[in-house]
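Colleague: You'll find run.pdb just under this line, and it carries PDB, C-alpha atoms.
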ATOM      1  CA  MET N 646       1.998   8.462  10.007
ATOM      2  CA  THR N 647      -1.150  10.311  10.980
ATOM      3  CA  ASN N 648      -3.117   8.759  13.801
ATOM      4  CA  PRO N 649      -6.303   7.242  12.324
ATOM      5  CA  LEU N 650      -8.293   8.740  15.189
ATOM      6  CA  SER N 651      -7.136  12.222  14.212
ATOM      7  CA  ILE N 652      -8.551  11.625  10.726
ATOM      8  CA  ILE N 653     -11.895  10.725  12.293
ATOM      9  CA  GLY N 654     -11.673  13.853  14.455
ATOM     10  CA  ASP N 655     -10.952  15.898  11.325
ATOM     11  CA  LEU N 656     -14.017  14.440   9.594
ATOM     12  CA  GLU N 657     -16.195  15.247  12.597
ATOM     13  CA  ALA N 658     -14.797  18.791  12.797
ATOM     14  CA  MET N 659     -15.472  19.315   9.085
ATOM     15  CA  ARG N 660     -19.026  17.981   9.466
ATOM     16  CA  LYS N 661     -19.649  20.477  12.247
ATOM     17  CA  ALA N 662     -17.943  23.309  10.331
ATOM     18  CA  GLN N 663     -20.351  22.648   7.462
ATOM     19  CA  ASN N 664     -23.260  22.682   9.930
ATOM     20  CA  LEU N 665     -24.265  19.160   8.994
ATOM     21  CA  THR N 666     -25.974  16.751  11.350
ATOM     22  CA  GLN N 667     -24.821  13.161  11.503
ATOM     23  CA  GLU N 668     -28.010  12.246   9.633
ATOM     24  CA  GLU N 669     -27.283  14.718   6.816
ATOM     25  CA  LEU N 670     -23.710  13.486   6.435
ATOM     26  CA  ALA N 671     -24.909   9.890   6.483
ATOM     27  CA  MET N 672     -27.396  10.593   3.691
ATOM     28  CA  ARG N 673     -24.731  12.309   1.552
ATOM     29  CA  ALA N 674     -22.271   9.465   2.114
ATOM     30  CA  GLY N 675     -24.775   6.648   1.643
ATOM     31  CA  VAL N 676     -24.278   5.206   5.121
ATOM     32  CA  SER N 677     -26.509   5.037   8.181
ATOM     33  CA  ARG N 678     -26.582   7.715  10.864
ATOM     34  CA  MET N 679     -25.593   4.973  13.313
ATOM     35  CA  THR N 680     -22.428   4.366  11.265
ATOM     36  CA  VAL N 681     -21.460   8.053  11.480
ATOM     37  CA  SER N 682     -22.251   8.087  15.205
ATOM     38  CA  ARG N 683     -20.184   4.964  15.897
ATOM     39  CA  ILE N 684     -17.216   6.271  13.897
ATOM     40  CA  GLU N 685     -17.279   9.625  15.706
ATOM     41  CA  ALA N 686     -17.435   7.713  19.006
ATOM     42  CA  GLY N 687     -14.192   5.889  18.154
ATOM     43  CA  PHE N 688     -15.313   2.792  16.209
ATOM     44  CA  ASP N 689     -12.650   1.818  13.657
ATOM     45  CA  PRO N 690     -14.273   2.237  10.218
ATOM     46  CA  LYS N 691     -13.468   0.570   6.922
ATOM     47  CA  LEU N 692     -11.347   2.630   4.551
ATOM     48  CA  SER N 693     -14.206   2.671   2.033
ATOM     49  CA  THR N 694     -16.459   4.296   4.638
ATOM     50  CA  VAL N 695     -13.852   6.948   5.430
ATOM     51  CA  TRP N 696     -13.550   7.595   1.694
ATOM     52  CA  GLU N 697     -17.345   8.001   1.330
ATOM     53  CA  LEU N 698     -17.527  10.353   4.324
ATOM     54  CA  SER N 699     -14.607  12.382   2.948
ATOM     55  CA  ARG N 700     -16.235  12.600  -0.470
ATOM     56  CA  ALA N 701     -19.526  13.704   1.118
ATOM     57  CA  LEU N 702     -17.653  16.503   2.917
ATOM     58  CA  ASP N 703     -15.921  17.566  -0.323
ATOM     59  CA  LEU N 704     -12.531  16.369   0.958
ATOM     60  CA  GLU N 705      -9.866  14.365  -0.821
ATOM     61  CA  LEU N 706      -7.878  11.585   0.832
ATOM     62  CA  VAL N 707      -4.245  11.830  -0.231
ATOM     63  CA  LEU N 708      -1.275   9.582   0.474
ATOM     64  CA  VAL N 709       1.945  11.527   0.967
ATOM     65  CA  PRO N 710       5.421   9.984   1.059
ATOM     66  CA  LYS N 711       6.895  10.221   4.560
ATOM     67  CA  ALA N 712       9.856  12.199   3.253
ATOM     68  CA  LEU N 713       7.498  14.960   2.117
ATOM     69  CA  CYS N 714       5.001  15.054   5.017
ATOM     70  CA  ARG N 715       6.569  18.030   6.779
ATOM     71  CA  GLU N 716       6.871  20.034   3.585
ATOM     72  CA  VAL N 717       3.285  19.245   2.564
ATOM     73  CA  GLN N 718       2.015  20.287   6.007
ATOM     74  CA  HIS N 719       3.933  23.579   5.742
ATOM     75  CA  PHE N 720       2.574  24.132   2.237
ATOM     76  CA  ILE N 721      -1.014  23.583   3.388
ATOM     77  CA  GLN N 722      -0.565  25.777   6.468
ATOM     78  CA  SER N 723       0.889  28.553   4.313
ATOM     79  CA  GLY N 724      -2.180  28.539   2.107
ATOM     80  CA  GLY N 725      -0.199  27.245  -0.845
ATOM     81  CA  LYS N 726       2.182  30.195  -0.900
ATOM     82  CA  VAL N 727       5.425  28.240  -0.690
ATOM     83  CA  VAL N 728       7.573  28.972  -3.709
ATOM     84  CA  GLY N 729      10.519  26.766  -4.539
ATOM     85  CA  GLN N 730      11.582  23.336  -3.556
ATOM     86  CA  PRO N 731      12.283  22.368   0.075
ATOM     87  CA  ALA N 732      15.953  21.775   0.835
ATOM     88  CA  GLY N 733      17.066  18.239   0.087
ATOM     89  CA  ILE N 734      13.995  17.333  -1.982
ATOM     90  CA  GLU N 735      14.283  17.069  -5.739
ATOM     91  CA  ALA N 736      11.387  18.189  -7.881
ATOM     92  CA  PRO N 737       9.656  15.380  -9.755
ATOM     93  CA  LYS N 738      10.392  15.143 -13.462
ATOM     94  CA  SER N 739       7.887  16.878 -15.691
ATOM     95  CA  ILE N 740       5.964  15.000 -18.353
ATOM     96  CA  VAL N 741       8.207  16.696 -20.935
ATOM     97  CA  ASP N 742      11.315  15.261 -19.249
ATOM     98  CA  LEU N 743       9.743  11.805 -19.074
ATOM     99  CA  LEU N 744       8.885  11.807 -22.795
ATOM    100  CA  ARG N 745      12.420  12.687 -23.951
TER     101      ARG N 745
END
Would it be possible to restate this file's structure as structure tokens?
Modeller:
Amino acid sequence: MTNPLSIIGDLEAMRKAQNLTQEELAMRAGVSRMTVSRIEAGFDPKLSTVWELSRALDLELVLVPKALCREVQHFIQSGGKVVGQPAGIEAPKSIVDLLR
């Protein structure tokens, strides 16, 4: 499981990469600047606040099954250029297969 503090660090890094101040991010997310400041300082936020901050940074929170975490990380790091299924992992059934 990803360390929750690394998620907060990722949000802060993305805020800075987008050249946003804490105030600007707070306005986009509908929270106070103090909330952003406290979270970046290590305060444990509510999931709904993390979701709002992510949305404001044009990010999507995604839950990934543990069995696929490594493969998903490799896929992201490769820029989405992985072709084929990782060894030992079956492809999910398509909607066509499910409707048969």
Colleague: Got a sec: who's within 10 Å of N:Val695, counting only C-alpha atoms, leaving out chain neighbours fewer than 5 positions off, as number ranges by chain?
Modeller: N: 652-653, 656, 674, 681, 684, 689-690, 700-701, 706
Colleague: Please compute the atom CA of N:Ser677-atom CA of N:Ser651 distance, one decimal, in Å.
Modeller: 21.5 Å
Colleague: Figure out the distance between atom CA of N:Leu665 and atom CA of N:Val709, please, to one decimal in Å.
Modeller: 28.5 Å
Colleague: Interatomic distance between atom CA of N:Lys661 and atom CA of N:Met679?
Modeller: 16.6 Å
Colleague: Could you state which residues are captured by the PyMOL selection byres ((chain N and resi 670) around 10) in this file, as an MDAnalysis selection string?
Modeller: chainID N and resid 657 660:661 663:669 671:678 681 697:699 701:702
Colleague: Next, the residues of the selection above should be written as a tab-separated table (two decimals), in the coordinates of the input with C-alpha atoms.
Modeller:
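Okay, part-v2.tsv is ready:
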chain	number	residue	atom	x	y	z
N	657	GLU	CA	-16.20	15.25	12.60
N	660	ARG	CA	-19.03	17.98	9.47
N	661	LYS	CA	-19.65	20.48	12.25
N	663	GLN	CA	-20.35	22.65	7.46
N	664	ASN	CA	-23.26	22.68	9.93
N	665	LEU	CA	-24.26	19.16	8.99
N	666	THR	CA	-25.97	16.75	11.35
N	667	GLN	CA	-24.82	13.16	11.50
N	668	GLU	CA	-28.01	12.25	9.63
N	669	GLU	CA	-27.28	14.72	6.82
N	671	ALA	CA	-24.91	9.89	6.48
N	672	MET	CA	-27.40	10.59	3.69
N	673	ARG	CA	-24.73	12.31	1.55
N	674	ALA	CA	-22.27	9.46	2.11
N	675	GLY	CA	-24.78	6.65	1.64
N	676	VAL	CA	-24.28	5.21	5.12
N	677	SER	CA	-26.51	5.04	8.18
N	678	ARG	CA	-26.58	7.72	10.86
N	681	VAL	CA	-21.46	8.05	11.48
N	697	GLU	CA	-17.34	8.00	1.33
N	698	LEU	CA	-17.53	10.35	4.32
N	699	SER	CA	-14.61	12.38	2.95
N	701	ALA	CA	-19.53	13.70	1.12
N	702	LEU	CA	-17.65	16.50	2.92
Colleague: Pick out the closest residue to N:Asp703 from this set: N:Gly654, N:Met659, N:Ile721, N:Gly687. Count only C-alpha atoms.
Modeller: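 Looking only at the distances to N:Asp703, the closest residue turns out to be N:Met659.
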Colleague: Would you mind putting N, CA and C atoms back on stretch 677-699 of chain N and writing the result as a PDB file, keeping the file's coordinate frame?
Modeller:
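Written output follows (selection16.pdb):
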ATOM      1  N   SER N 677     -25.490   4.756   7.167  1.00  0.00           N
ATOM      2  CA  SER N 677     -26.509   5.037   8.181  1.00  0.00           C
ATOM      3  C   SER N 677     -26.018   6.091   9.175  1.00  0.00           C
ATOM      4  N   ARG N 678     -26.946   6.757   9.829  1.00  0.00           N
ATOM      5  CA  ARG N 678     -26.582   7.715  10.864  1.00  0.00           C
ATOM      6  C   ARG N 678     -25.839   7.001  11.982  1.00  0.00           C
ATOM      7  N   MET N 679     -26.250   5.757  12.262  1.00  0.00           N
ATOM      8  CA  MET N 679     -25.593   4.973  13.313  1.00  0.00           C
ATOM      9  C   MET N 679     -24.121   4.742  12.959  1.00  0.00           C
ATOM     10  N   THR N 680     -23.819   4.545  11.693  1.00  0.00           N
ATOM     11  CA  THR N 680     -22.428   4.366  11.265  1.00  0.00           C
ATOM     12  C   THR N 680     -21.622   5.623  11.557  1.00  0.00           C
ATOM     13  N   VAL N 681     -22.156   6.783  11.209  1.00  0.00           N
ATOM     14  CA  VAL N 681     -21.460   8.053  11.480  1.00  0.00           C
ATOM     15  C   VAL N 681     -21.268   8.219  12.984  1.00  0.00           C
ATOM     16  N   SER N 682     -22.311   7.952  13.743  1.00  0.00           N
ATOM     17  CA  SER N 682     -22.251   8.087  15.205  1.00  0.00           C
ATOM     18  C   SER N 682     -21.183   7.168  15.799  1.00  0.00           C
ATOM     19  N   ARG N 683     -21.154   5.927  15.369  1.00  0.00           N
ATOM     20  CA  ARG N 683     -20.184   4.964  15.897  1.00  0.00           C
ATOM     21  C   ARG N 683     -18.750   5.372  15.542  1.00  0.00           C
ATOM     22  N   ILE N 684     -18.554   5.847  14.323  1.00  0.00           N
ATOM     23  CA  ILE N 684     -17.216   6.271  13.897  1.00  0.00           C
ATOM     24  C   ILE N 684     -16.760   7.463  14.732  1.00  0.00           C
ATOM     25  N   GLU N 685     -17.642   8.445  14.909  1.00  0.00           N
ATOM     26  CA  GLU N 685     -17.279   9.625  15.706  1.00  0.00           C
ATOM     27  C   GLU N 685     -17.055   9.276  17.175  1.00  0.00           C
ATOM     28  N   ALA N 686     -17.626   8.160  17.622  1.00  0.00           N
ATOM     29  CA  ALA N 686     -17.435   7.713  19.006  1.00  0.00           C
ATOM     30  C   ALA N 686     -16.170   6.858  19.161  1.00  0.00           C
ATOM     31  N   GLY N 687     -15.446   6.612  18.048  1.00  0.00           N
ATOM     32  CA  GLY N 687     -14.192   5.889  18.154  1.00  0.00           C
ATOM     33  C   GLY N 687     -14.164   4.516  17.504  1.00  0.00           C
ATOM     34  N   PHE N 688     -15.288   4.068  16.914  1.00  0.00           N
ATOM     35  CA  PHE N 688     -15.313   2.792  16.209  1.00  0.00           C
ATOM     36  C   PHE N 688     -14.398   2.878  14.995  1.00  0.00           C
ATOM     37  N   ASP N 689     -13.614   1.840  14.756  1.00  0.00           N
ATOM     38  CA  ASP N 689     -12.650   1.818  13.657  1.00  0.00           C
ATOM     39  C   ASP N 689     -13.375   1.489  12.350  1.00  0.00           C
ATOM     40  N   PRO N 690     -13.515   2.469  11.449  1.00  0.00           N
ATOM     41  CA  PRO N 690     -14.273   2.237  10.218  1.00  0.00           C
ATOM     42  C   PRO N 690     -13.444   1.574   9.121  1.00  0.00           C
ATOM     43  N   LYS N 691     -14.139   1.073   8.119  1.00  0.00           N
ATOM     44  CA  LYS N 691     -13.468   0.570   6.922  1.00  0.00           C
ATOM     45  C   LYS N 691     -12.967   1.775   6.121  1.00  0.00           C
ATOM     46  N   LEU N 692     -11.897   1.566   5.379  1.00  0.00           N
ATOM     47  CA  LEU N 692     -11.347   2.630   4.551  1.00  0.00           C
ATOM     48  C   LEU N 692     -12.388   3.140   3.559  1.00  0.00           C
ATOM     49  N   SER N 693     -13.191   2.253   3.001  1.00  0.00           N
ATOM     50  CA  SER N 693     -14.206   2.671   2.033  1.00  0.00           C
ATOM     51  C   SER N 693     -15.228   3.607   2.670  1.00  0.00           C
ATOM     52  N   THR N 694     -15.526   3.409   3.942  1.00  0.00           N
ATOM     53  CA  THR N 694     -16.459   4.296   4.638  1.00  0.00           C
ATOM     54  C   THR N 694     -15.830   5.659   4.871  1.00  0.00           C
ATOM     55  N   VAL N 695     -14.560   5.679   5.252  1.00  0.00           N
ATOM     56  CA  VAL N 695     -13.852   6.948   5.430  1.00  0.00           C
ATOM     57  C   VAL N 695     -13.818   7.700   4.109  1.00  0.00           C
ATOM     58  N   TRP N 696     -13.579   6.969   3.014  1.00  0.00           N
ATOM     59  CA  TRP N 696     -13.550   7.595   1.694  1.00  0.00           C
ATOM     60  C   TRP N 696     -14.909   8.201   1.359  1.00  0.00           C
ATOM     61  N   GLU N 697     -15.998   7.486   1.614  1.00  0.00           N
ATOM     62  CA  GLU N 697     -17.345   8.001   1.330  1.00  0.00           C
ATOM     63  C   GLU N 697     -17.662   9.233   2.180  1.00  0.00           C
ATOM     64  N   LEU N 698     -17.291   9.193   3.456  1.00  0.00           N
ATOM     65  CA  LEU N 698     -17.527  10.353   4.324  1.00  0.00           C
ATOM     66  C   LEU N 698     -16.716  11.547   3.836  1.00  0.00           C
ATOM     67  N   SER N 699     -15.464  11.308   3.459  1.00  0.00           N
ATOM     68  CA  SER N 699     -14.607  12.382   2.948  1.00  0.00           C
ATOM     69  C   SER N 699     -15.209  12.991   1.690  1.00  0.00           C
TER      70      SER N 699
END
